[in-house]
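Peer 1: Got a structure here, written out as structure tokens. Questions coming.
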Amino acid sequence: MALLIEQLLNGLQYGAMLFMLASGLTLIFGIMGVINLTHGSFYMVGAYCGAFALGQTNSFGAAAAAALAGAALYGLLVEFAVIRRLYQRDHLYQVLATFGLILFTNEAVSMVFGRQPPMVEIPAFLQGTVTLGPGFEYPIMRLAFIAVGALVALGLWFLINRTRVGMLVRAGADDREMVAALGVDIQRLYTVVFSLGALLCGLAGVMAAPLLAVEIGMGERVLITTFVVIVIGGVGSVRGALAGALLVGMVDSLGRAYFPQILQAMLPPEVADMLAAGLVSASVYVLMAMVLIFRPRGLLG
């Protein structure tokens with residue numbers, strides 16, 4: 001039971017990180033119609049900015065502020081310099097341009113911060129564990145990650161459903177031409193949405209920095225999983241991004257815990273371990289295929 005609860009919490013933590021990434025990406029893709037492969041690079045920029053600020057100030061608050069500001073400003077620069085020229089172009093142009101931006105960002109980050117991966121310690125107030133039950137303790141840092149993910153979900157719900165900006169975002173997702181004809185500056189709306197997506201990536205980066213390796217190219221590895229999340233949840237739906245992120249997080253976490261045990265009961269250990277690793281890697285794609293069979297537009301598309 002303790003193992004099950006631990007893996008469920010791990011799945012929530014991983015799902016919280018994926019939601020921060022997927023919510024911005026699904027808004028950009030669903031509203032702006034742009035396939036933005038650079039999205040993972042904002043996550044990397046946020047992690048590096050946070051790590052640099054933490055090393056200079058020894059303050060996690062300063063690190064969070066630097067990550068949010070760095071990712072958002074870089075998102076503004078990318079949108080102004082490249083993305084706004086691709087809104088009316090074919091998706092192939094968007095893929096090629098944003099793939100080139102991935103290569104550019106990796107080199108730029110290595111030139112600014114160096115190629116040596118920075119070490120990011122868990123902040124003192126988030127170190128240690130908390131007792132959740134008899135004989136069961138869980139890291140405070142991971143619980144904080146889950147709490148931040150929940151706050152982001154609530155904040156996005158309020159923004160999209162209870163504010164004028166959210167009303168325009170929903171209207172732009174349905175009919176951008178009509179929104180523009182009614183006098184709304186659709187270009188400014190696109191810039192706000194793109195910057196918000198980059199800012200959420202920066203938040204995910206600084207929260208993940210103490211738990212994962214901060215290194216060049218870290219955004220590309222999580223980008224594919226982020227696209228899987230928005231396909232499962234439904235393109236353009238923030239609620240779908242939340243549902244998809246939680247599903248993927250749970251499947252990945254539970255698979256890593258239980259696939260090896262199940263296979264070792266039936267196969268030799270060396271074969272079971274190798275097969276379990278492959279099944280865990282493929283499990284999220286199997287989940288995506290199963291969802292699309294019954295819900296071709298995703299769960300909440």
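Identifiers for the structure tokens are assigned positionally: chains receive A, B, ... in sequence, residues are indexed from 1 per chain, and ligands are indexed from 1 in the order shown.
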Identify, with DSSP run on backbone atoms, the residues in segment 133-213 of chain A assigned to helix (DSSP H, G or I), and express the list as a VMD selection string.

Peer 2: chain A and resid 140 to 162 164 to 174 176 to 181 186 to 208

Peer 1: Identify, on the basis of only C-alpha atoms, every residue whose closest approach to segment 119-123 of chain A does not exceed 7 Å; exclude the query and any residue fewer than 4 positions from it along the same chain; express the result as a ChimeraX atom specification.

Peer 2: /A:51,60,127,209-210

Peer 1: Take the residues that were just selected and, keeping all heavy atoms, output them as a compact mmCIF listing (two decimals), in the first residue's frame.

Peer 2:
```
# COMPACT_ATOMS: atom_id res chain seq x y z
N ALA A 51 18.65 28.42 -12.02
CA ALA A 51 19.88 27.88 -11.42
C ALA A 51 20.94 28.97 -11.27
O ALA A 51 21.64 29.04 -10.24
CB ALA A 51 20.41 26.75 -12.30
N PHE A 60 15.68 31.00 -3.29
CA PHE A 60 14.82 30.32 -4.25
C PHE A 60 13.76 31.26 -4.80
O PHE A 60 13.31 31.09 -5.93
CB PHE A 60 14.14 29.11 -3.59
CG PHE A 60 13.45 28.20 -4.57
CD1 PHE A 60 14.20 27.38 -5.41
CD2 PHE A 60 12.07 28.17 -4.67
CE1 PHE A 60 13.57 26.55 -6.33
CE2 PHE A 60 11.44 27.34 -5.58
CZ PHE A 60 12.19 26.53 -6.41
N GLN A 127 13.51 21.08 2.03
CA GLN A 127 14.24 19.85 2.26
C GLN A 127 13.53 18.98 3.30
O GLN A 127 12.69 19.46 4.07
CB GLN A 127 15.66 20.17 2.74
CG GLN A 127 16.54 20.80 1.68
CD GLN A 127 17.93 21.11 2.18
OE1 GLN A 127 18.25 20.87 3.34
NE2 GLN A 127 18.76 21.65 1.31
N ALA A 209 14.19 21.89 -11.54
CA ALA A 209 15.65 21.98 -11.47
C ALA A 209 16.26 21.24 -10.28
O ALA A 209 17.28 20.55 -10.43
CB ALA A 209 16.09 23.45 -11.48
N PRO A 210 15.68 21.32 -9.06
CA PRO A 210 16.29 20.58 -7.95
C PRO A 210 16.06 19.07 -8.02
O PRO A 210 16.73 18.31 -7.32
CB PRO A 210 15.58 21.17 -6.71
CG PRO A 210 14.98 22.45 -7.15
CD PRO A 210 14.62 22.23 -8.59
```

Peer 1: Counting only C-alpha atoms, figure out which residue out of A:Gly46, A:Gly40, A:Gly75, A:Gly240 gets nearest to Val192 of chain A.

Peer 2: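 Of A:Gly46, A:Gly40, A:Gly75, A:Gly240, the one nearest Val192 of chain A, counting only C-alpha atoms, is A:Gly75.
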
Peer 1: Could you pull the residues within 12 Å of Leu254 of chain A, counting only C-alpha atoms, minus those fewer than 5 positions along the same chain, as a PyMOL selection string?

Peer 2: chain A and resi 3-12+14+246-249+259-262+276+279-280+283-284

Peer 1: Counting only C-alpha atoms, what is within 10 Å of Leu199 of chain A, bar same-chain residues fewer than 3 positions away, as a PDB file with N, CA, C and O atoms, in the first residue's frame?

Peer 2:
```
ATOM      1  N   MET A  20       2.017  22.099 -16.525  1.00  0.00           N
ATOM      2  CA  MET A  20       2.578  23.437 -16.708  1.00  0.00           C
ATOM      3  C   MET A  20       3.103  23.618 -18.130  1.00  0.00           C
ATOM      4  O   MET A  20       2.981  24.689 -18.726  1.00  0.00           O
ATOM      5  N   LEU A  21       3.681  22.563 -18.674  1.00  0.00           N
ATOM      6  CA  LEU A  21       4.188  22.632 -20.043  1.00  0.00           C
ATOM      7  C   LEU A  21       3.051  22.530 -21.064  1.00  0.00           C
ATOM      8  O   LEU A  21       3.009  23.287 -22.034  1.00  0.00           O
ATOM      9  N   GLY A  24       0.324  25.689 -21.653  1.00  0.00           N
ATOM     10  CA  GLY A  24       0.761  26.750 -22.558  1.00  0.00           C
ATOM     11  C   GLY A  24       0.820  26.291 -23.997  1.00  0.00           C
ATOM     12  O   GLY A  24       0.412  27.019 -24.915  1.00  0.00           O
ATOM     13  N   PHE A  42      11.903  26.885 -23.784  1.00  0.00           N
ATOM     14  CA  PHE A  42      11.530  27.826 -22.725  1.00  0.00           C
ATOM     15  C   PHE A  42      11.677  27.166 -21.348  1.00  0.00           C
ATOM     16  O   PHE A  42      12.073  27.812 -20.380  1.00  0.00           O
ATOM     17  N   TYR A  43      11.351  25.896 -21.285  1.00  0.00           N
ATOM     18  CA  TYR A  43      11.530  25.113 -20.058  1.00  0.00           C
ATOM     19  C   TYR A  43      13.010  25.074 -19.671  1.00  0.00           C
ATOM     20  O   TYR A  43      13.372  25.276 -18.496  1.00  0.00           O
ATOM     21  N   GLY A  46      14.156  28.586 -18.505  1.00  0.00           N
ATOM     22  CA  GLY A  46      13.709  28.828 -17.144  1.00  0.00           C
ATOM     23  C   GLY A  46      14.567  28.108 -16.119  1.00  0.00           C
ATOM     24  O   GLY A  46      14.916  28.678 -15.074  1.00  0.00           O
ATOM     25  N   ALA A  67      13.587  32.774 -13.327  1.00  0.00           N
ATOM     26  CA  ALA A  67      13.107  31.774 -14.280  1.00  0.00           C
ATOM     27  C   ALA A  67      11.868  32.264 -15.017  1.00  0.00           C
ATOM     28  O   ALA A  67      11.772  32.128 -16.247  1.00  0.00           O
ATOM     29  N   LEU A  68      10.921  32.818 -14.283  1.00  0.00           N
ATOM     30  CA  LEU A  68       9.697  33.319 -14.909  1.00  0.00           C
ATOM     31  C   LEU A  68      10.004  34.462 -15.869  1.00  0.00           C
ATOM     32  O   LEU A  68       9.514  34.493 -17.010  1.00  0.00           O
ATOM     33  N   ALA A  69      10.841  35.408 -15.403  1.00  0.00           N
ATOM     34  CA  ALA A  69      11.166  36.559 -16.245  1.00  0.00           C
ATOM     35  C   ALA A  69      11.977  36.140 -17.463  1.00  0.00           C
ATOM     36  O   ALA A  69      11.715  36.582 -18.597  1.00  0.00           O
ATOM     37  N   GLY A  70      12.958  35.259 -17.266  1.00  0.00           N
ATOM     38  CA  GLY A  70      13.806  34.835 -18.381  1.00  0.00           C
ATOM     39  C   GLY A  70      13.027  34.096 -19.450  1.00  0.00           C
ATOM     40  O   GLY A  70      13.169  34.377 -20.646  1.00  0.00           O
ATOM     41  N   ALA A  71      12.178  33.151 -19.033  1.00  0.00           N
ATOM     42  CA  ALA A  71      11.396  32.379 -20.001  1.00  0.00           C
ATOM     43  C   ALA A  71      10.377  33.262 -20.713  1.00  0.00           C
ATOM     44  O   ALA A  71      10.201  33.161 -21.935  1.00  0.00           O
ATOM     45  N   ALA A  72       9.698  34.152 -19.957  1.00  0.00           N
ATOM     46  CA  ALA A  72       8.690  35.015 -20.567  1.00  0.00           C
ATOM     47  C   ALA A  72       9.321  35.998 -21.554  1.00  0.00           C
ATOM     48  O   ALA A  72       8.792  36.211 -22.650  1.00  0.00           O
ATOM     49  N   LEU A  73      10.457  36.598 -21.178  1.00  0.00           N
ATOM     50  CA  LEU A  73      11.116  37.549 -22.071  1.00  0.00           C
ATOM     51  C   LEU A  73      11.653  36.857 -23.319  1.00  0.00           C
ATOM     52  O   LEU A  73      11.568  37.399 -24.430  1.00  0.00           O
ATOM     53  N   TYR A  74      12.190  35.653 -23.134  1.00  0.00           N
ATOM     54  CA  TYR A  74      12.663  34.922 -24.314  1.00  0.00           C
ATOM     55  C   TYR A  74      11.488  34.521 -25.205  1.00  0.00           C
ATOM     56  O   TYR A  74      11.584  34.553 -26.434  1.00  0.00           O
ATOM     57  N   GLY A  75      10.359  34.179 -24.586  1.00  0.00           N
ATOM     58  CA  GLY A  75       9.166  33.890 -25.371  1.00  0.00           C
ATOM     59  C   GLY A  75       8.704  35.098 -26.163  1.00  0.00           C
ATOM     60  O   GLY A  75       8.318  34.985 -27.335  1.00  0.00           O
ATOM     61  N   LEU A  76       8.735  36.286 -25.528  1.00  0.00           N
ATOM     62  CA  LEU A  76       8.382  37.512 -26.246  1.00  0.00           C
ATOM     63  C   LEU A  76       9.309  37.748 -27.436  1.00  0.00           C
ATOM     64  O   LEU A  76       8.864  38.115 -28.522  1.00  0.00           O
ATOM     65  N   VAL A 193      -0.833  35.294 -25.149  1.00  0.00           N
ATOM     66  CA  VAL A 193      -0.951  33.841 -25.015  1.00  0.00           C
ATOM     67  C   VAL A 193       0.417  33.176 -25.120  1.00  0.00           C
ATOM     68  O   VAL A 193       0.761  32.283 -24.325  1.00  0.00           O
ATOM     69  N   PHE A 194       1.225  33.606 -26.071  1.00  0.00           N
ATOM     70  CA  PHE A 194       2.537  33.003 -26.256  1.00  0.00           C
ATOM     71  C   PHE A 194       3.425  33.259 -25.040  1.00  0.00           C
ATOM     72  O   PHE A 194       4.129  32.358 -24.565  1.00  0.00           O
ATOM     73  N   SER A 195       3.392  34.484 -24.511  1.00  0.00           N
ATOM     74  CA  SER A 195       4.199  34.819 -23.340  1.00  0.00           C
ATOM     75  C   SER A 195       3.755  34.032 -22.118  1.00  0.00           C
ATOM     76  O   SER A 195       4.580  33.597 -21.307  1.00  0.00           O
ATOM     77  N   LEU A 196       2.442  33.836 -21.968  1.00  0.00           N
ATOM     78  CA  LEU A 196       1.930  33.050 -20.853  1.00  0.00           C
ATOM     79  C   LEU A 196       2.418  31.608 -20.947  1.00  0.00           C
ATOM     80  O   LEU A 196       2.820  31.010 -19.941  1.00  0.00           O
ATOM     81  N   GLY A 202       8.811  28.326 -17.844  1.00  0.00           N
ATOM     82  CA  GLY A 202       9.835  28.755 -16.901  1.00  0.00           C
ATOM     83  C   GLY A 202       9.539  28.301 -15.486  1.00  0.00           C
ATOM     84  O   GLY A 202      10.451  27.886 -14.745  1.00  0.00           O
ATOM     85  N   LEU A 203       8.267  28.355 -15.088  1.00  0.00           N
ATOM     86  CA  LEU A 203       7.882  27.876 -13.760  1.00  0.00           C
ATOM     87  C   LEU A 203       8.161  26.387 -13.620  1.00  0.00           C
ATOM     88  O   LEU A 203       8.692  25.928 -12.596  1.00  0.00           O
ATOM     89  N   ALA A 204       7.800  25.607 -14.645  1.00  0.00           N
ATOM     90  CA  ALA A 204       8.086  24.170 -14.611  1.00  0.00           C
ATOM     91  C   ALA A 204       9.582  23.918 -14.534  1.00  0.00           C
ATOM     92  O   ALA A 204      10.038  23.022 -13.811  1.00  0.00           O
ATOM     93  N   GLY A 205      10.376  24.720 -15.250  1.00  0.00           N
ATOM     94  CA  GLY A 205      11.820  24.531 -15.252  1.00  0.00           C
ATOM     95  C   GLY A 205      12.447  24.771 -13.892  1.00  0.00           C
ATOM     96  O   GLY A 205      13.279  23.980 -13.431  1.00  0.00           O
TER      97      GLY A 205
END
```

Peer 1: Check the smallest atom-to-atom distance from each of A:Cys49, A:Met274, A:Met32, A:Leu77 to Arg89 of chain A using only C-alpha atoms, then report the winner.

Peer 2: A:Met32

Peer 1: Find the residues of segment 191-222 of chain A that sit at most 12 Å from segment 106-111 of chain A; for each, write down the nearest two atoms and how far apart they are in Å, to one decimal. Count only C-alpha atoms. Sort by chain, then by number going up, and give it as JSON lines.

Peer 2:
```
{"residue": "A:Val214", "atom": "CA", "partner": "A:Val109", "partner_atom": "CA", "distance": 11.6}
{"residue": "A:Glu215", "atom": "CA", "partner": "A:Ser110", "partner_atom": "CA", "distance": 9.1}
{"residue": "A:Ile216", "atom": "CA", "partner": "A:Asn106", "partner_atom": "CA", "distance": 6.0}
{"residue": "A:Gly217", "atom": "CA", "partner": "A:Asn106", "partner_atom": "CA", "distance": 6.4}
{"residue": "A:Met218", "atom": "CA", "partner": "A:Asn106", "partner_atom": "CA", "distance": 9.4}
{"residue": "A:Gly219", "atom": "CA", "partner": "A:Asn106", "partner_atom": "CA", "distance": 9.4}
{"residue": "A:Glu220", "atom": "CA", "partner": "A:Asn106", "partner_atom": "CA", "distance": 10.1}
```

Peer 1: Given the choices A:Arg297, A:Arg256, A:Arg85, A:Arg176, which gets closest to Gly236 of chain A if the distance is worked out from only C-alpha atoms?

Peer 2: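 For Gly236 of chain A, the nearest of the given residues is A:Arg297.
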
Peer 1: Any idea what the distance is between atom CA of Ile140 of chain A and atom CA of Gly197 of chain A?

Peer 2: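 Here the two named atoms are 26.5 Å from each other.
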
Peer 1: Please return, as JSON, numbers by chain, all residues of segment 26-260 of chain A that DSSP assigns to strand (DSSP E or B) on the basis of the backbone.

Peer 2: {"A": [129, 130, 131, 132, 133, 136, 137, 138, 139]}

Peer 1: Of the candidates A:Tyr258, A:Phe104, A:Phe125, A:Phe52, which one gets nearest to Asp273 of chain A if we count only C-alpha atoms?

Peer 2: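 Among A:Tyr258, A:Phe104, A:Phe125, A:Phe52, it is A:Tyr258 that comes nearest to Asp273 of chain A.
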
Peer 1: What gap, in Å, lies between atom CA of Pro269 of chain A and atom CA of Glu137 of chain A?

Peer 2: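 These two atoms are separated by 29.1 Å.
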
Peer 1: Please provide as a list in words all residues within 10 Å of Gly166 of chain A, with the sequence filter that same-chain residues fewer than 5 positions apart are discarded (counting only C-alpha atoms).

Peer 2: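 The residues that qualify are Leu156, Trp157, Phe158, Leu159, Ile160, Asn161, Ala171, Gly172 and Val193 of chain A.
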
Peer 1: By how many Å are atom CA of Gly155 of chain A and atom CA of Ala16 of chain A apart?

Peer 2: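 So the two atoms, atom CA of Gly155 of chain A and atom CA of Ala16 of chain A, lie 13.6 Å apart.
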